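*Asks:* First the structure, which I've put down as structure tokens, then a few questions once you've had a look.
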Amino acid sequence: MKNIFRFLFVVFCIFTTTNPLHAQWIQVNGPQVAQVRSLAIMGTNLFAGTYVQGVFHSTDNGANWTPASSGLSTYPGNQINVLAANGTNLFAGTTYGLYLSTDNGANWAESDSGIPPYTQIYALSVNGTTLFTGTNNGIFRSIDNGTVWAESDSGIPPYTQVYAFAIKGVTLFAGTEAGIFRSEDNGSTWTEANAWFTVTKINALASIGTTLFAASSASSAVSQGVFRSTDNGVTWTQQNKDLSNPLVNTLAIVGTTLFAGTKYGEIYRSNDEGNNWAKANTWFTNADIYALLTDGSILFAGTDGDGVFYSTDNGAHWLQETSWLKTADVHALAVIGTNLFAGTSGMYVSTNNGTSWKQVNSGPPGLSASCFAVDGTNLFAGAWERGIFFSPDSGASWTEIDSGLTNPYISAIAVNGVNVFAGSYAGVFCSNDYGVSWSLPCPDLPGTAITGLAVNGPNLFACDFYTGVFYSTNNGASWTPVSSGLANADIFSLAVKGSFIFAGTNWGGVYRSTIDDTSWTPVNSGLTCTNLTTLFVHGTNLFAGTWNGVFLSTNDGESWTDVNSPILSTTSITSFAVNGTYLFAGTPVGVYRRALSEMITDVIPDTRHSPLYFALNQNYPNPFNPVTVINYQLPVNGFVTMKVYDVLGREVKMLLSERQNAGYHSVTFDASNLPSGEYFYRLQAGTYSNAKKLLLLK
């Protein structure tokens, strides 16, 4: 299913009609990630070299970044392979040569006199005023801080690609595509130092004291992983114990700790010179780790697509620097109060309508959300290949809820009271305890690629990409196909609006049916792109996301209006959300925003900011030990009490007794001093009163 989505997002309809009046969509500032190939530190300045996007500069340890590429080559596909600092000089090795900046990356100039034109620079090493560069054509040396270069690779086979350097005392080591070479005369001549590496590409070199380490991602098991030499490179031993991913791209040393960054987003840490390894980045990223760098107190990791991560505790925990570089592939959007959530290769939240973003780091910071469901202040997130996560506090903290969830490929979530439904590769999973446990009550549901869910009272609708629409009146225990009239069964999304249910199809546009009917009719007048990706209801308005932007219907699909601008008319829409007076659209190239008043005249305030009715939610988790959270909502200001009683009706805890404003609220119940058993909690607010049961298990 994921491959299907990816394919559809990059194939576009032929679309030639653009209304110049619809020019009000703007791209918000993030979430943002990048393909980071190299990192460098110069004083308080942190630099990141990327694929295609050039160099970026941060003065606050990566919290904020600015482009720093003026003067660098603009040839297509230019990659910043390596960055190195020497005093106030910053060097950038690129796909198209070597560049120098003396003003923190503000301006760059070529610095490769003596190096053949268009030489690819892979490695740089600084030893005082002597510099070495590894290229796709051997090694070059400069003895005047990079002004003039000369070939310096006698003893290395001609045209050998050089990827890494290390200096140990007066000995210089070079990692190449043909193994490791050593020089004792400052690079004038080289000899082999590669008992293990005669045909192995060496990606990185590092040293701790008298011990030298080399990293390889070779295809052969005997030539991949981390190798160690204690005799200046004469002999080597493979150090891969507990290194479950031996495809190592980069190495870094922090004190006496050795870090290895690998393909597929794993970082390993060894405190005993590689004898034993432990993974140092649970819930991190699936992107290849290309660069590791430390300034002593912070360890930075550059990734292939997820930007820069950093750790302040020697790799025990990681956070992502996100306010920079290119915008992300956004899969899902959701709003709680004034918080706008975006699901991409991580999960991000904005409290200012997309002006700035931060990663949701409590719980699994590498969580890649593919879909959301909001219930008051409760937020459910479906993660592709990771299952389902739950937040009872507007995204502040997260818990994995996958008991009984046998398929982790989650594409849709819907909530109906205490019942939660999850669409997956295996069908629709159901939970009747608010996500604590899951089951697949109808494993024979024909649909095995669920792309959308919709709830209307007792009715649950599910769409399958291949086989159409189904509905259930018994929480998914049985299903009835309702696809009559659907000329195209490839269904991407469902939406309920009043007595109508709408289906967005792959090639046939939008179809409409009534809740109590089993037949569908197309409603595509004015819909110039009929490749649907998502549907969204806001008040009396129905929005359609297509391969070519956004369309609006104010009359239940009878007619559609193009509400694009040139910036969105060739962009695939993955998701929608309304926050205040803005409509947000998630796309494969970030998040876009437009004022609702520019598209519709009856702008309806987002009622999630002020609830329309009283409600008391089921506590979560339940059963619990010993702490649980209770969410509730108040449509008006007033005095509120919440008490906990035992099964005999005796009060055992006063949780609330105060005046509160209208809105969404939560309270934590700590039952550490109570015995196991059933209890009841009651909310009293004005004339409203409600109670629910909870279960304490110790």
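The chains in the structure tokens are called A, B, ... from first to last as shown; in each chain the residues are counted from 1, and the ligands are counted from 1 in the order shown.
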Could you list, as a count of residues only, every residue within 9 Å of A:Ser73, counting only C-alpha atoms and ignoring same-chain residues fewer than 6 positions away?

*Replies:* 7

*Asks:* List the neighbours of A:Asp402 out to 9 Å using only C-alpha atoms; skip same-chain residues closer than 5 positions along the sequence, and give me the result as a list of chain:residue names.

*Replies:* A:Gly387, A:Ile388, A:Phe389, A:Pro408, A:Gly435, A:Val436, A:Ser437, A:Trp438

*Asks:* Write out as a VMD selection string all residues of stretch 174-309 of chain A that backbone DSSP assigns to strand (DSSP E or B).

*Replies:* chain A and resid 174 to 176 179 to 183 189 191 to 192 202 to 208 211 to 217 224 to 229 237 to 238 248 to 254 257 to 262 267 to 270 278 to 279 289 to 294 299 to 304 308 to 309

*Asks:* What does the structure give for the distance between atom CA of A:Leu90 and atom CA of A:Phe309, in Å to one decimal?

*Replies:*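 Between these atoms lies a distance of 22.0 Å.
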
*Asks:* Residues at most 7 Å from stretch 460-463 of chain A, counting only C-alpha atoms, excluding those fewer than 3 positions away in the same chain, as a list in words?

*Replies:*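 Contacts, in chain order: Ile450, Thr451, Gly452, Leu453, Ala454, Val455, Asn456, Gly468, Val469, Phe470, Tyr471, Ser472, Thr473, Asn475, Ile491 and Ser493 of chain A.
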
*Asks:* If you count only C-alpha atoms, which residues fall within 10 Å of A:Gly376, apart from same-chain ones fewer than 6 positions away, as an MDAnalysis selection string?

*Replies:* chainID A and resid 336:337 392:394 608 611 615:617 631:633 663:665

*Asks:* Convert the current residue selection to file output with N, CA and C atoms, as an mmCIF file, in the first residue's frame.

*Replies:*
data_model
loop_
_atom_site.group_PDB
_atom_site.id
_atom_site.type_symbol
_atom_site.label_atom_id
_atom_site.label_comp_id
_atom_site.auth_asym_id
_atom_site.auth_seq_id
_atom_site.Cartn_x
_atom_site.Cartn_y
_atom_site.Cartn_z
ATOM 1 N N ILE A 336 -5.782 19.903 17.633
ATOM 2 C CA ILE A 336 -6.377 19.875 18.968
ATOM 3 C C ILE A 336 -6.169 21.258 19.570
ATOM 4 N N GLY A 337 -7.263 21.961 19.851
ATOM 5 C CA GLY A 337 -7.129 23.318 20.357
ATOM 6 C C GLY A 337 -6.417 24.182 19.344
ATOM 7 N N PRO A 392 -2.986 11.100 25.619
ATOM 8 C CA PRO A 392 -4.168 11.593 26.336
ATOM 9 C C PRO A 392 -4.098 13.079 26.649
ATOM 10 N N ASP A 393 -3.007 13.751 26.244
ATOM 11 C CA ASP A 393 -2.782 15.128 26.668
ATOM 12 C C ASP A 393 -2.337 16.020 25.517
ATOM 13 N N SER A 394 -3.077 15.943 24.425
ATOM 14 C CA SER A 394 -2.827 16.816 23.263
ATOM 15 C C SER A 394 -1.422 16.676 22.712
ATOM 16 N N ARG A 608 -13.584 23.049 17.963
ATOM 17 C CA ARG A 608 -12.690 22.342 18.875
ATOM 18 C C ARG A 608 -12.010 23.305 19.837
ATOM 19 N N PRO A 611 -15.752 23.691 23.173
ATOM 20 C CA PRO A 611 -16.685 22.573 22.993
ATOM 21 C C PRO A 611 -18.137 23.038 22.979
ATOM 22 N N ALA A 615 -18.836 16.722 28.236
ATOM 23 C CA ALA A 615 -18.480 15.322 27.993
ATOM 24 C C ALA A 615 -17.449 14.877 29.023
ATOM 25 N N LEU A 616 -17.593 13.648 29.467
ATOM 26 C CA LEU A 616 -16.629 13.012 30.353
ATOM 27 C C LEU A 616 -16.107 11.777 29.635
ATOM 28 N N ASN A 617 -14.806 11.723 29.382
ATOM 29 C CA ASN A 617 -14.222 10.610 28.639
ATOM 30 C C ASN A 617 -13.823 9.474 29.568
ATOM 31 N N ASN A 631 -9.973 12.746 30.830
ATOM 32 C CA ASN A 631 -10.232 13.935 30.019
ATOM 33 C C ASN A 631 -11.711 14.281 30.047
ATOM 34 N N TYR A 632 -12.016 15.566 29.991
ATOM 35 C CA TYR A 632 -13.402 16.020 29.967
ATOM 36 C C TYR A 632 -13.462 17.381 29.284
ATOM 37 N N GLN A 633 -14.668 17.796 28.887
ATOM 38 C CA GLN A 633 -14.821 19.067 28.195
ATOM 39 C C GLN A 633 -15.998 19.847 28.764
ATOM 40 N N GLY A 663 -13.623 24.676 27.789
ATOM 41 C CA GLY A 663 -12.520 24.115 27.018
ATOM 42 C C GLY A 663 -12.314 22.651 27.316
ATOM 43 N N TYR A 664 -11.189 22.140 26.871
ATOM 44 C CA TYR A 664 -10.811 20.746 27.070
ATOM 45 C C TYR A 664 -9.866 20.659 28.261
ATOM 46 N N HIS A 665 -10.132 19.726 29.164
ATOM 47 C CA HIS A 665 -9.368 19.619 30.396
ATOM 48 C C HIS A 665 -8.998 18.168 30.660
#

*Asks:* Can you pull out every residue within 8 Å of stretch 429-433 of chain A, counting only C-alpha atoms, but drop anything in the same chain fewer than 5 positions away, and send it as JSON, numbers by chain?

*Replies:* {"A": [405, 418, 419, 420, 421, 422, 423, 424, 438, 439, 440, 441, 475, 476, 622]}

*Asks:* What would the file look like if the residues just selected were written as a compact mmCIF listing (two decimals), in the first residue's frame with C-alpha atoms?

*Replies:*
# COMPACT_ATOMS: atom_id res chain seq x y z
CA LEU A 405 -2.56 -5.68 16.76
CA VAL A 418 -15.03 3.80 23.59
CA ASN A 419 -14.72 1.98 20.27
CA VAL A 420 -11.65 2.65 18.17
CA PHE A 421 -11.10 1.24 14.68
CA ALA A 422 -7.87 0.90 12.73
CA GLY A 423 -7.57 0.16 9.02
CA SER A 424 -4.58 -1.95 8.00
CA TRP A 438 -7.27 -4.94 19.69
CA SER A 439 -8.85 -7.77 17.74
CA LEU A 440 -9.66 -8.61 14.14
CA PRO A 441 -13.31 -9.67 14.59
CA ASN A 475 -18.42 -2.74 15.41
CA GLY A 476 -16.75 -4.69 12.64
CA ASN A 622 -7.87 1.39 31.93

*Asks:* Just the residues within 10 Å of A:Thr351, please, counting only C-alpha atoms, with nothing from its chain fewer than 5 positions along; format it as number ranges by chain.

*Replies:* A: 335, 337-341, 356-358, 579

*Asks:* Write the residues you've just listed into a file as a PDB file, in the first residue's frame, and include C-alpha atoms for each of them.

*Replies:*
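Result went into selection.pdb, see below:
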ATOM      1  CA  VAL A 335      -5.776  19.819  15.204  1.00  0.00           C
ATOM      2  CA  GLY A 337      -7.129  23.318  20.357  1.00  0.00           C
ATOM      3  CA  THR A 338      -4.506  25.595  18.824  1.00  0.00           C
ATOM      4  CA  ASN A 339      -2.047  22.745  18.190  1.00  0.00           C
ATOM      5  CA  LEU A 340      -1.546  21.697  14.572  1.00  0.00           C
ATOM      6  CA  PHE A 341       0.050  18.252  14.209  1.00  0.00           C
ATOM      7  CA  SER A 356       7.412  27.355  13.450  1.00  0.00           C
ATOM      8  CA  TRP A 357       7.428  23.668  14.355  1.00  0.00           C
ATOM      9  CA  LYS A 358       8.939  21.395  16.943  1.00  0.00           C
ATOM     10  CA  ASN A 579      -7.223  25.447  12.624  1.00  0.00           C
TER      11      ASN A 579
END

*Asks:* I want to know what sits within 8 Å of stretch 258-267 of chain A, based on only C-alpha atoms, with residues of the same chain fewer than 6 positions away left out; could you give that as a list in words?

*Replies:*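 Returned residues: Asn245, Pro246, Leu247, Val248, Asn249, Thr250, Leu251, Ala252, Glu273, Gly274, Lys279, Ala280, Asn281, Phe284, Thr285, Asn286, Ala287, Asp288, Ile289, Tyr290, Ala291, Leu292 and Thr303 of chain A.
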
*Asks:* Could you write out the selected residues, including N, CA and C atoms, as a tab-separated table (two decimals), in the first residue's frame?

*Replies:*
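again01.tsv, written as the output of this step:
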chain	number	residue	atom	x	y	z
A	245	ASN	N	23.73	-4.43	12.59
A	245	ASN	CA	23.78	-3.83	11.25
A	245	ASN	C	25.22	-3.43	10.97
A	246	PRO	N	25.99	-4.26	10.24
A	246	PRO	CA	27.41	-3.97	10.02
A	246	PRO	C	27.70	-3.08	8.82
A	247	LEU	N	26.65	-2.49	8.21
A	247	LEU	CA	26.87	-1.62	7.05
A	247	LEU	C	27.16	-0.21	7.56
A	248	VAL	N	28.42	0.04	7.91
A	248	VAL	CA	28.80	1.25	8.63
A	248	VAL	C	29.28	2.33	7.66
A	249	ASN	N	28.65	3.52	7.77
A	249	ASN	CA	29.01	4.65	6.91
A	249	ASN	C	29.98	5.61	7.56
A	250	THR	N	29.92	5.76	8.88
A	250	THR	CA	30.68	6.82	9.53
A	250	THR	C	31.03	6.43	10.96
A	251	LEU	N	32.09	7.04	11.50
A	251	LEU	CA	32.54	6.80	12.87
A	251	LEU	C	32.74	8.14	13.57
A	252	ALA	N	32.62	8.11	14.91
A	252	ALA	CA	32.92	9.30	15.71
A	252	ALA	C	33.41	8.85	17.07
A	273	GLU	N	36.32	-0.15	22.97
A	273	GLU	CA	37.08	-0.19	21.72
A	273	GLU	C	36.54	-1.23	20.73
A	274	GLY	N	35.22	-1.33	20.68
A	274	GLY	CA	34.59	-2.17	19.67
A	274	GLY	C	34.41	-3.62	20.04
A	279	LYS	N	22.97	-0.60	20.68
A	279	LYS	CA	22.27	0.38	19.84
A	279	LYS	C	22.03	1.65	20.65
A	280	ALA	N	22.28	2.79	20.01
A	280	ALA	CA	22.22	4.07	20.73
A	280	ALA	C	21.13	4.98	20.20
A	281	ASN	N	20.14	4.43	19.48
A	281	ASN	CA	19.12	5.33	18.94
A	281	ASN	C	17.79	4.63	18.70
A	284	PHE	N	14.53	6.18	16.26
A	284	PHE	CA	15.35	7.29	15.76
A	284	PHE	C	14.94	7.66	14.35
A	285	THR	N	15.44	6.96	13.36
A	285	THR	CA	15.15	7.28	11.97
A	285	THR	C	15.47	6.06	11.13
A	286	ASN	N	14.82	5.96	9.98
A	286	ASN	CA	15.15	4.89	9.03
A	286	ASN	C	16.11	5.37	7.95
A	287	ALA	N	16.46	6.66	8.00
A	287	ALA	CA	17.36	7.23	6.99
A	287	ALA	C	18.81	6.87	7.30
A	288	ASP	N	19.60	6.65	6.25
A	288	ASP	CA	21.02	6.32	6.44
A	288	ASP	C	21.72	7.40	7.24
A	289	ILE	N	22.62	6.99	8.13
A	289	ILE	CA	23.43	7.93	8.89
A	289	ILE	C	24.71	8.18	8.10
A	290	TYR	N	24.90	9.41	7.64
A	290	TYR	CA	26.05	9.73	6.81
A	290	TYR	C	27.13	10.52	7.56
A	291	ALA	N	26.78	11.16	8.66
A	291	ALA	CA	27.77	11.99	9.35
A	291	ALA	C	27.53	11.94	10.85
A	292	LEU	N	28.61	11.78	11.61
A	292	LEU	CA	28.59	11.90	13.06
A	292	LEU	C	29.66	12.92	13.46
A	303	THR	N	21.57	12.77	8.58
A	303	THR	CA	20.88	11.64	7.99
A	303	THR	C	20.52	11.90	6.53

*Asks:* Nearest residue to A:Asp60 out of A:Ala166, A:Val667, A:Leu445, A:Ile298, using only C-alpha atoms?

*Replies:*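 Of the candidates, the smallest distance to A:Asp60 is held by A:Ile298.
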
*Asks:* In Å to one decimal, how far is atom CA of A:Pro67 from atom CA of A:Ala204?

*Replies:*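 Atom CA of A:Ala204 sits 27.1 Å away from atom CA of A:Pro67.
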
*Asks:* With only C-alpha atoms as the basis for distance, which of A:Asn104, A:Thr294, A:Ser152, A:Thr587 is at the shortest distance from A:Tyr310?

*Replies:*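 Ranking A:Asn104, A:Thr294, A:Ser152, A:Thr587 by distance to A:Tyr310, first place goes to A:Thr294.
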
*Asks:* Nearest residue to A:Tyr582 out of A:Gly508, A:Gly557, A:Gly354, A:Gly526, using only C-alpha atoms?

*Replies:*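 Of all the options, A:Gly354 lies closest to A:Tyr582.
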
*Asks:* Give the answer as one residue: which of A:Val578, A:Ala414, A:Leu634, A:Val644 has the shortest atom-to-atom distance to A:Ala691, using only C-alpha atoms?

*Replies:*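 Looking only at the distances to A:Ala691, the closest residue turns out to be A:Val644.
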
*Asks:* Please extract the residues of stretch 557-647 of chain A with a backbone DSSP assignment of helix (DSSP H, G or I) and present them as number ranges by chain.

*Replies:* A: 596-598, 607-609

*Asks:* Which is closest to A:Phe390 among A:Ala369, A:Ala215, A:Leu494, A:Leu172, if we use only C-alpha atoms?

*Replies:*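 Looking only at the distances to A:Phe390, the closest residue turns out to be A:Ala369.
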